[in-house]
>>> print(open('final_26.txt').read())   # compact mmCIF, N, CA and C atoms
# COMPACT_ATOMS: atom_id res chain seq x y z
N MET A 1 126.48 96.42 92.37
CA MET A 1 125.20 96.21 91.71
C MET A 1 124.92 94.71 91.67
N THR A 2 123.66 94.37 91.77
CA THR A 2 123.30 92.96 91.74
C THR A 2 122.62 92.63 90.43
N GLY A 3 122.78 91.43 90.02
CA GLY A 3 122.15 90.98 88.78
C GLY A 3 121.31 89.76 89.06
N PRO A 4 120.82 89.11 88.01
CA PRO A 4 120.02 87.91 88.21
C PRO A 4 120.81 86.85 88.98
N GLY A 5 120.16 86.30 89.98
CA GLY A 5 120.79 85.24 90.76
C GLY A 5 121.68 85.74 91.88
N THR A 6 121.86 87.06 91.98
CA THR A 6 122.65 87.59 93.09
C THR A 6 121.73 88.37 94.01
N ALA A 7 122.16 88.55 95.24
CA ALA A 7 121.34 89.25 96.21
C ALA A 7 122.16 90.36 96.86
N ALA A 8 121.48 91.44 97.18
CA ALA A 8 122.15 92.54 97.87
C ALA A 8 122.55 92.06 99.27
N PRO A 9 123.74 92.42 99.71
CA PRO A 9 124.16 92.01 101.05
C PRO A 9 123.38 92.79 102.12
N LEU A 10 123.32 92.20 103.29
CA LEU A 10 122.66 92.85 104.41
C LEU A 10 123.51 94.00 104.92
N THR A 11 122.88 95.10 105.23
CA THR A 11 123.59 96.20 105.86
C THR A 11 123.64 95.93 107.36
N GLU A 12 124.52 96.64 108.04
CA GLU A 12 124.62 96.49 109.50
C GLU A 12 123.29 96.86 110.17
N ASP A 13 122.65 97.95 109.73
CA ASP A 13 121.37 98.36 110.32
C ASP A 13 120.30 97.30 110.11
N LEU A 14 120.24 96.75 108.90
CA LEU A 14 119.22 95.74 108.61
C LEU A 14 119.48 94.47 109.42
N SER A 15 120.74 94.07 109.55
CA SER A 15 121.07 92.89 110.36
C SER A 15 120.67 93.09 111.82
N ARG A 16 120.99 94.26 112.37
CA ARG A 16 120.65 94.55 113.77
C ARG A 16 119.15 94.62 113.96
N LEU A 17 118.44 95.26 113.04
CA LEU A 17 116.98 95.35 113.11
C LEU A 17 116.37 93.95 113.08
N ALA A 18 116.87 93.10 112.20
CA ALA A 18 116.37 91.73 112.12
C ALA A 18 116.60 91.01 113.45
N ALA A 19 117.79 91.14 114.01
CA ALA A 19 118.09 90.46 115.28
C ALA A 19 117.17 90.94 116.39
N LEU A 20 116.88 92.23 116.44
CA LEU A 20 116.03 92.77 117.50
C LEU A 20 114.57 92.35 117.36
N HIS A 21 114.21 91.87 116.17
CA HIS A 21 112.85 91.37 115.95
C HIS A 21 112.81 89.84 115.87
N GLY A 22 113.94 89.19 116.10
CA GLY A 22 113.97 87.73 116.07
C GLY A 22 113.95 87.13 114.68
N VAL A 23 114.38 87.87 113.69
CA VAL A 23 114.42 87.39 112.31
C VAL A 23 115.83 86.88 112.01
N ALA A 24 115.94 85.64 111.61
CA ALA A 24 117.24 85.05 111.29
C ALA A 24 117.77 85.64 109.99
N THR A 25 119.08 85.83 109.94
CA THR A 25 119.71 86.34 108.73
C THR A 25 120.54 85.28 108.02
N SER A 26 120.48 84.05 108.53
CA SER A 26 121.15 82.93 107.88
C SER A 26 120.48 81.64 108.33
N TYR A 27 120.78 80.57 107.62
CA TYR A 27 120.29 79.25 108.02
C TYR A 27 121.31 78.21 107.61
N SER A 28 121.22 77.04 108.23
CA SER A 28 122.17 75.96 107.95
C SER A 28 121.41 74.76 107.39
N PRO A 29 121.45 74.57 106.06
CA PRO A 29 120.76 73.42 105.47
C PRO A 29 121.45 72.09 105.79
N SER A 30 122.72 72.18 106.18
CA SER A 30 123.47 70.99 106.61
C SER A 30 124.49 71.46 107.64
N PRO A 31 125.00 70.54 108.44
CA PRO A 31 125.90 70.95 109.53
C PRO A 31 127.13 71.74 109.09
N ASP A 32 127.61 71.50 107.89
CA ASP A 32 128.85 72.17 107.46
C ASP A 32 128.62 73.33 106.50
N ARG A 33 127.38 73.79 106.41
CA ARG A 33 127.07 74.84 105.44
C ARG A 33 126.12 75.87 106.04
N THR A 34 126.46 77.14 105.91
CA THR A 34 125.60 78.23 106.35
C THR A 34 125.29 79.09 105.15
N VAL A 35 124.03 79.42 104.98
CA VAL A 35 123.58 80.24 103.87
C VAL A 35 123.06 81.55 104.44
N GLU A 36 123.62 82.67 103.94
CA GLU A 36 123.17 83.99 104.37
C GLU A 36 121.85 84.33 103.67
N ALA A 37 120.92 84.90 104.40
CA ALA A 37 119.66 85.34 103.81
C ALA A 37 119.91 86.61 103.00
N SER A 38 119.13 86.80 101.97
CA SER A 38 119.26 88.02 101.17
C SER A 38 118.58 89.17 101.90
N ALA A 39 118.99 90.37 101.56
CA ALA A 39 118.35 91.56 102.13
C ALA A 39 116.86 91.57 101.79
N THR A 40 116.52 91.13 100.59
CA THR A 40 115.11 91.08 100.17
C THR A 40 114.30 90.16 101.07
N ALA A 41 114.87 89.00 101.39
CA ALA A 41 114.17 88.05 102.26
C ALA A 41 113.99 88.62 103.67
N VAL A 42 115.02 89.27 104.18
CA VAL A 42 114.95 89.85 105.53
C VAL A 42 113.94 91.00 105.57
N VAL A 43 113.96 91.85 104.55
CA VAL A 43 112.99 92.96 104.47
C VAL A 43 111.57 92.40 104.40
N SER A 44 111.37 91.32 103.66
CA SER A 44 110.04 90.70 103.55
C SER A 44 109.59 90.11 104.88
N ALA A 45 110.51 89.46 105.59
CA ALA A 45 110.17 88.90 106.89
C ALA A 45 109.81 90.01 107.88
N LEU A 46 110.57 91.08 107.87
CA LEU A 46 110.27 92.21 108.75
C LEU A 46 108.93 92.84 108.38
N ALA A 47 108.64 92.94 107.09
CA ALA A 47 107.35 93.50 106.65
C ALA A 47 106.19 92.66 107.16
N ALA A 48 106.38 91.34 107.20
CA ALA A 48 105.33 90.45 107.73
C ALA A 48 105.08 90.71 109.21
N LEU A 49 106.09 91.28 109.90
CA LEU A 49 105.95 91.62 111.31
C LEU A 49 105.48 93.07 111.50
N GLY A 50 105.22 93.75 110.39
CA GLY A 50 104.76 95.12 110.46
C GLY A 50 105.87 96.15 110.58
N VAL A 51 107.09 95.77 110.20
CA VAL A 51 108.24 96.66 110.29
C VAL A 51 108.67 97.06 108.89
N ASP A 52 108.69 98.38 108.63
CA ASP A 52 109.11 98.89 107.32
C ASP A 52 110.63 99.03 107.31
N ALA A 53 111.28 98.23 106.49
CA ALA A 53 112.74 98.30 106.31
C ALA A 53 113.06 98.31 104.83
N GLY A 54 112.13 98.80 104.03
CA GLY A 54 112.27 98.76 102.57
C GLY A 54 113.36 99.64 102.00
N THR A 55 113.77 100.65 102.74
CA THR A 55 114.86 101.52 102.29
C THR A 55 115.86 101.64 103.44
N PRO A 56 117.10 102.04 103.15
CA PRO A 56 118.06 102.22 104.25
C PRO A 56 117.57 103.23 105.30
N GLN A 57 116.89 104.28 104.86
CA GLN A 57 116.38 105.27 105.79
C GLN A 57 115.27 104.68 106.66
N ALA A 58 114.39 103.90 106.07
CA ALA A 58 113.31 103.26 106.82
C ALA A 58 113.88 102.26 107.82
N ALA A 59 114.91 101.52 107.41
CA ALA A 59 115.54 100.55 108.32
C ALA A 59 116.18 101.26 109.50
N ARG A 60 116.87 102.38 109.24
CA ARG A 60 117.48 103.15 110.34
C ARG A 60 116.43 103.68 111.30
N ALA A 61 115.32 104.19 110.74
CA ALA A 61 114.24 104.72 111.58
C ALA A 61 113.60 103.62 112.41
N ALA A 62 113.35 102.47 111.79
CA ALA A 62 112.75 101.35 112.51
C ALA A 62 113.69 100.82 113.58
N LEU A 63 115.00 100.83 113.30
CA LEU A 63 115.99 100.40 114.28
C LEU A 63 115.98 101.33 115.48
N ALA A 64 115.92 102.63 115.24
CA ALA A 64 115.89 103.60 116.35
C ALA A 64 114.64 103.40 117.20
N VAL A 65 113.50 103.16 116.57
CA VAL A 65 112.25 102.94 117.30
C VAL A 65 112.35 101.68 118.15
N ARG A 66 112.86 100.60 117.56
CA ARG A 66 112.94 99.32 118.28
C ARG A 66 113.91 99.42 119.46
N GLU A 67 115.04 100.06 119.27
CA GLU A 67 116.00 100.21 120.37
C GLU A 67 115.41 101.04 121.49
N ARG A 68 114.65 102.08 121.15
CA ARG A 68 113.99 102.91 122.16
C ARG A 68 112.95 102.08 122.93
N GLU A 69 112.18 101.27 122.20
CA GLU A 69 111.17 100.41 122.84
C GLU A 69 111.83 99.44 123.83
N LEU A 70 112.92 98.84 123.42
CA LEU A 70 113.58 97.86 124.28
C LEU A 70 114.20 98.51 125.52
N ARG A 71 114.74 99.71 125.37
CA ARG A 71 115.31 100.42 126.54
C ARG A 71 114.22 100.79 127.54
N ALA A 72 113.03 101.10 127.05
CA ALA A 72 111.94 101.55 127.92
C ALA A 72 111.18 100.38 128.57
N ARG A 73 111.38 99.18 128.07
CA ARG A 73 110.63 98.02 128.55
C ARG A 73 111.11 97.61 129.94
N LEU A 74 110.17 97.40 130.85
CA LEU A 74 110.51 96.99 132.21
C LEU A 74 110.85 95.50 132.30
N LEU A 75 110.10 94.68 131.59
CA LEU A 75 110.27 93.23 131.65
C LEU A 75 110.30 92.63 130.24
N PRO A 76 111.01 91.54 130.08
CA PRO A 76 110.91 90.82 128.80
C PRO A 76 109.54 90.14 128.73
N PRO A 77 109.12 89.66 127.56
CA PRO A 77 107.81 89.00 127.45
C PRO A 77 107.67 87.76 128.35
N THR A 78 108.77 87.04 128.56
CA THR A 78 108.75 85.84 129.40
C THR A 78 109.91 85.89 130.37
N VAL A 79 109.62 85.58 131.64
CA VAL A 79 110.63 85.52 132.69
C VAL A 79 110.70 84.07 133.17
N VAL A 80 111.89 83.51 133.18
CA VAL A 80 112.09 82.13 133.62
C VAL A 80 112.73 82.15 135.00
N CYS A 81 112.22 81.30 135.88
CA CYS A 81 112.68 81.30 137.27
C CYS A 81 112.85 79.86 137.75
N ARG A 82 113.90 79.65 138.50
CA ARG A 82 114.11 78.35 139.14
C ARG A 82 113.65 78.45 140.58
N THR A 83 113.18 77.36 141.13
CA THR A 83 112.68 77.33 142.49
C THR A 83 113.72 77.89 143.47
N GLY A 84 113.26 78.81 144.32
CA GLY A 84 114.11 79.37 145.37
C GLY A 84 115.05 80.48 144.93
N THR A 85 114.94 80.92 143.68
CA THR A 85 115.83 81.99 143.20
C THR A 85 114.99 83.15 142.66
N ALA A 86 115.61 84.29 142.58
CA ALA A 86 114.96 85.44 141.95
C ALA A 86 115.42 85.50 140.50
N PRO A 87 114.50 85.66 139.56
CA PRO A 87 114.89 85.75 138.15
C PRO A 87 115.78 86.97 137.90
N ARG A 88 116.78 86.82 137.06
CA ARG A 88 117.69 87.92 136.74
C ARG A 88 116.96 89.10 136.11
N ALA A 89 115.87 88.84 135.42
CA ALA A 89 115.12 89.92 134.76
C ALA A 89 114.61 90.93 135.77
N LEU A 90 114.47 90.52 137.02
CA LEU A 90 113.97 91.44 138.05
C LEU A 90 115.06 92.39 138.55
N ASP A 91 116.32 92.06 138.29
CA ASP A 91 117.44 92.90 138.75
C ASP A 91 117.41 94.30 138.15
N ALA A 92 116.88 94.44 136.95
CA ALA A 92 116.89 95.72 136.26
C ALA A 92 115.71 96.61 136.64
N LEU A 93 114.79 96.10 137.44
CA LEU A 93 113.63 96.91 137.82
C LEU A 93 114.04 98.02 138.78
N PRO A 94 113.40 99.18 138.67
CA PRO A 94 113.72 100.28 139.58
C PRO A 94 113.43 99.91 141.04
N GLU A 95 114.20 100.50 141.93
CA GLU A 95 113.99 100.27 143.35
C GLU A 95 112.58 100.71 143.72
N GLY A 96 111.93 99.92 144.56
CA GLY A 96 110.57 100.25 145.00
C GLY A 96 109.49 99.64 144.13
N THR A 97 109.87 98.85 143.13
CA THR A 97 108.88 98.23 142.26
C THR A 97 108.12 97.14 143.00
N ARG A 98 106.81 97.15 142.85
CA ARG A 98 105.95 96.12 143.43
C ARG A 98 105.70 95.03 142.38
N LEU A 99 105.66 93.79 142.84
CA LEU A 99 105.40 92.66 141.95
C LEU A 99 104.11 91.98 142.36
N ARG A 100 103.36 91.56 141.38
CA ARG A 100 102.15 90.78 141.64
C ARG A 100 102.21 89.58 140.71
N VAL A 101 101.96 88.41 141.28
CA VAL A 101 101.95 87.19 140.48
C VAL A 101 100.57 86.57 140.58
N ASP A 102 99.92 86.42 139.43
CA ASP A 102 98.67 85.68 139.36
C ASP A 102 99.05 84.28 138.90
N THR A 103 98.87 83.32 139.80
CA THR A 103 99.35 81.97 139.52
C THR A 103 98.41 81.22 138.58
N GLU A 104 98.98 80.23 137.95
CA GLU A 104 98.22 79.37 137.06
C GLU A 104 97.10 78.66 137.83
N GLN A 105 97.30 78.46 139.11
CA GLN A 105 96.33 77.77 139.94
C GLN A 105 95.20 78.70 140.42
N GLY A 106 95.29 80.00 140.12
CA GLY A 106 94.22 80.93 140.49
C GLY A 106 94.53 81.80 141.70
N GLY A 107 95.67 81.62 142.30
CA GLY A 107 96.05 82.43 143.46
C GLY A 107 96.78 83.70 143.05
N THR A 108 97.02 84.54 144.05
CA THR A 108 97.75 85.79 143.82
C THR A 108 98.79 85.96 144.90
N ARG A 109 99.97 86.40 144.52
CA ARG A 109 101.03 86.72 145.48
C ARG A 109 101.55 88.10 145.16
N THR A 110 101.66 88.94 146.19
CA THR A 110 102.20 90.28 146.03
C THR A 110 103.53 90.36 146.75
N ILE A 111 104.52 90.94 146.09
CA ILE A 111 105.85 91.12 146.67
C ILE A 111 106.14 92.61 146.64
N GLY A 112 106.17 93.20 147.83
CA GLY A 112 106.35 94.64 147.92
C GLY A 112 107.80 95.05 147.96
N PRO A 113 108.01 96.35 147.92
CA PRO A 113 109.38 96.87 148.03
C PRO A 113 110.02 96.40 149.33
N GLY A 114 111.26 96.00 149.26
CA GLY A 114 111.96 95.56 150.46
C GLY A 114 111.81 94.07 150.75
N GLU A 115 110.80 93.43 150.18
CA GLU A 115 110.64 91.98 150.37
C GLU A 115 111.59 91.26 149.43
N PRO A 116 112.10 90.12 149.84
CA PRO A 116 113.04 89.40 148.97
C PRO A 116 112.35 88.91 147.69
N ARG A 117 112.99 89.18 146.57
CA ARG A 117 112.41 88.77 145.28
C ARG A 117 112.56 87.28 145.04
N THR A 118 113.28 86.60 145.93
CA THR A 118 113.36 85.14 145.82
C THR A 118 112.00 84.52 146.07
N ALA A 119 111.06 85.29 146.65
CA ALA A 119 109.70 84.78 146.86
C ALA A 119 109.04 84.42 145.54
N VAL A 120 109.47 85.03 144.46
CA VAL A 120 108.95 84.68 143.14
C VAL A 120 109.29 83.22 142.82
N GLY A 121 110.44 82.77 143.29
CA GLY A 121 110.87 81.40 143.04
C GLY A 121 110.23 80.38 143.97
N ASP A 122 109.39 80.83 144.89
CA ASP A 122 108.72 79.91 145.81
C ASP A 122 107.31 79.56 145.36
N LEU A 123 107.01 79.82 144.10
CA LEU A 123 105.69 79.53 143.56
C LEU A 123 105.62 78.09 143.07
N PRO A 124 104.41 77.55 142.96
CA PRO A 124 104.30 76.20 142.38
C PRO A 124 104.69 76.25 140.91
N PRO A 125 105.19 75.16 140.37
CA PRO A 125 105.55 75.14 138.95
C PRO A 125 104.34 75.49 138.08
N GLY A 126 104.60 76.16 136.98
CA GLY A 126 103.53 76.51 136.06
C GLY A 126 103.86 77.75 135.27
N VAL A 127 102.89 78.21 134.52
CA VAL A 127 103.02 79.45 133.75
C VAL A 127 102.10 80.46 134.41
N HIS A 128 102.70 81.45 135.05
CA HIS A 128 101.97 82.44 135.81
C HIS A 128 102.03 83.79 135.09
N ARG A 129 101.29 84.78 135.60
CA ARG A 129 101.31 86.13 135.04
C ARG A 129 101.98 87.05 136.05
N LEU A 130 103.07 87.70 135.65
CA LEU A 130 103.83 88.61 136.51
C LEU A 130 103.53 90.04 136.09
N THR A 131 103.17 90.88 137.06
CA THR A 131 102.95 92.30 136.81
C THR A 131 103.89 93.08 137.71
N ALA A 132 104.63 94.00 137.11
CA ALA A 132 105.54 94.87 137.86
C ALA A 132 105.00 96.29 137.77
N THR A 133 104.95 96.98 138.92
CA THR A 133 104.51 98.36 138.96
C THR A 133 105.57 99.19 139.68
N THR A 134 106.11 100.17 138.97
CA THR A 134 107.17 101.01 139.54
C THR A 134 106.54 102.08 140.45
N PRO A 135 107.36 102.71 141.29
CA PRO A 135 106.83 103.78 142.14
C PRO A 135 106.20 104.94 141.33
N GLU A 136 106.66 105.15 140.08
CA GLU A 136 106.09 106.21 139.24
C GLU A 136 104.78 105.79 138.57
N GLY A 137 104.41 104.50 138.71
CA GLY A 137 103.17 104.02 138.13
C GLY A 137 103.31 103.30 136.81
N ARG A 138 104.52 103.16 136.27
CA ARG A 138 104.71 102.38 135.05
C ARG A 138 104.46 100.91 135.37
N THR A 139 103.80 100.21 134.45
CA THR A 139 103.54 98.79 134.66
C THR A 139 104.00 97.98 133.46
N ALA A 140 104.29 96.74 133.73
CA ALA A 140 104.65 95.79 132.67
C ALA A 140 104.16 94.42 133.09
N GLN A 141 103.83 93.61 132.11
CA GLN A 141 103.41 92.24 132.39
C GLN A 141 104.29 91.27 131.61
N ALA A 142 104.43 90.08 132.17
CA ALA A 142 105.22 89.03 131.53
C ALA A 142 104.68 87.69 131.95
N HIS A 143 104.94 86.68 131.14
CA HIS A 143 104.69 85.31 131.56
C HIS A 143 105.82 84.94 132.52
N LEU A 144 105.51 84.27 133.60
CA LEU A 144 106.50 83.80 134.55
C LEU A 144 106.46 82.28 134.51
N VAL A 145 107.55 81.68 134.08
CA VAL A 145 107.62 80.23 133.97
C VAL A 145 108.55 79.70 135.03
>>> encode(input="final_26.txt", output="structure tokens")
Amino acid sequence: MTGPGTAAPLTEDLSRLAALHGVATSYSPSPDRTVEASATAVVSALAALGVDAGTPQAARAALAVRERELRARLLPPTVVCRTGTAPRALDALPEGTRLRVDTEQGGTRTIGPGEPRTAVGDLPPGVHRLTATTPEGRTAQAHLV
């Protein structure tokens, strides 16, 4: 039980849910000190993101939804690529996926099935828009940096 000045500890589900939404569960006010966030603070931060974690059951349900969303996602929100290389994020795409890059400069490049994905790394530097379309018709978009 918690009293004045104490905070409920984070549960494993709440910690994992926070991590999957990019919510920190601790902070370091100085190099030699780490302060754990309270469950109340984490629940409030998640609520600001539209995630209900107010009860253990709600946190478990939200965790299941988020894990399902991440498994189904074709691309992360941002893909980083070095010149002449294929981004690792493309490795997980299903075979036969077509790529389209709308460049920051206004051009378009299409990379079809069987073409080397290193062509993505041959673009001019910038922030481009990457669209992946699987053979089944699923699509995803990401920023390509």
>>> select_by_dssp(input="final_26.txt", residues="chain A", states="helix (DSSP H, G or I)", output="MDAnalysis selection string")
chainID A and resid 12:20 39:48 56:72 88:92 117:122
>>> residues_around(input="final_26.txt", residues="Val51 (chain A)", least_positions_apart="5", cutoff="7 Å", atoms="all atoms listed in the file", output="PyMOL selection string")
chain A and resi 45-46+62
>>> closest_residue(input="final_26.txt", among="A:Val120, A:Leu70, A:Ala58, A:Ala24", to="Pro87 (chain A)", atoms="only N, CA and C atoms")
A:Val120
>>> atom_distance(input="final_26.txt", atom1="atom C of Leu144 (chain A)", atom2="atom N of Leu20 (chain A)")
23.1 Å
>>> atom_distance(input="final_26.txt", atom1="CA of Ala140 (chain A)", atom2="CA of Leu49 (chain A)")
21.8 Å
>>> atom_distance(input="final_26.txt", atom1="atom C of Leu93 (chain A)", atom2="atom N of Gly22 (chain A)")
24.3 Å
>>> residues_around(input="final_26.txt", residues="Gln141 (chain A)", least_positions_apart="2", cutoff="6 Å", atoms="only N, CA and C atoms", output="PDB file with N, CA and C atoms, keeping the file's coordinate frame")
ATOM      1  N   PRO A  77     109.120  89.660 127.560  1.00  0.00           N
ATOM      2  CA  PRO A  77     107.810  89.000 127.450  1.00  0.00           C
ATOM      3  C   PRO A  77     107.670  87.760 128.350  1.00  0.00           C
ATOM      4  N   LEU A 130     103.070  87.700 135.650  1.00  0.00           N
ATOM      5  CA  LEU A 130     103.830  88.610 136.510  1.00  0.00           C
ATOM      6  C   LEU A 130     103.530  90.040 136.090  1.00  0.00           C
ATOM      7  N   THR A 131     103.170  90.880 137.060  1.00  0.00           N
ATOM      8  CA  THR A 131     102.950  92.300 136.810  1.00  0.00           C
ATOM      9  C   THR A 131     103.890  93.080 137.710  1.00  0.00           C
ATOM     10  N   ALA A 132     104.630  94.000 137.110  1.00  0.00           N
ATOM     11  CA  ALA A 132     105.540  94.870 137.860  1.00  0.00           C
ATOM     12  C   ALA A 132     105.000  96.290 137.770  1.00  0.00           C
ATOM     13  N   THR A 139     103.800 100.210 134.450  1.00  0.00           N
ATOM     14  CA  THR A 139     103.540  98.790 134.660  1.00  0.00           C
ATOM     15  C   THR A 139     104.000  97.980 133.460  1.00  0.00           C
ATOM     16  N   HIS A 143     104.940  86.680 131.140  1.00  0.00           N
ATOM     17  CA  HIS A 143     104.690  85.310 131.560  1.00  0.00           C
ATOM     18  C   HIS A 143     105.820  84.940 132.520  1.00  0.00           C
TER      19      HIS A 143
END
>>> select_by_dssp(input="final_26.txt", residues="region 97-140 of chain A", states="strand (DSSP E)", output="list in words")
Arg98, Leu99, Arg100, Val101, Asp102, Thr108, Arg109, Thr110, Ile111, His128, Arg129, Leu130, Thr131, Ala132, Thr133, Thr139 and Ala140 of chain A
>>> closest_residue(input="final_26.txt", among="A:Gly50, A:Thr34, A:Glu67, A:Ala59", to="Glu12 (chain A)", atoms="only C-alpha atoms")
A:Ala59
>>> axis_aligned_box(input="final_26.txt", around="region 54-73 of chain A", padding_each_side="6 Å", output="AutoDock Vina command-line options")
--center_x 114.3 --center_y 101.4 --center_z 116.0 --size_x 19.4 --size_y 19.7 --size_z 39.9
>>> closest_residue(input="final_26.txt", among="A:Ala39, A:Ala72, A:Val80, A:Ile111", to="Leu17 (chain A)", atoms="only C-alpha atoms")
A:Ala39
>>> residues_around(input="final_26.txt", residues="Glu36 (chain A)", least_positions_apart="3", cutoff="6.5 Å", atoms="only N, CA and C atoms", output="mmCIF file with N, CA and C atoms, in the frame of the given file")
data_model
loop_
_atom_site.group_PDB
_atom_site.id
_atom_site.type_symbol
_atom_site.label_atom_id
_atom_site.label_comp_id
_atom_site.auth_asym_id
_atom_site.auth_seq_id
_atom_site.Cartn_x
_atom_site.Cartn_y
_atom_site.Cartn_z
ATOM 1 N N THR A 25 119.080 85.830 109.940
ATOM 2 C CA THR A 25 119.710 86.340 108.730
ATOM 3 C C THR A 25 120.540 85.280 108.020
ATOM 4 N N SER A 26 120.480 84.050 108.530
ATOM 5 C CA SER A 26 121.150 82.930 107.880
ATOM 6 C C SER A 26 120.480 81.640 108.330
ATOM 7 N N TYR A 27 120.780 80.570 107.620
ATOM 8 C CA TYR A 27 120.290 79.250 108.020
ATOM 9 C C TYR A 27 121.310 78.210 107.610
#
>>> closest_residue(input="final_26.txt", among="A:Asp13, A:Glu136, A:Glu104, A:Asp122", to="Pro56 (chain A)", atoms="only C-alpha atoms")
A:Asp13
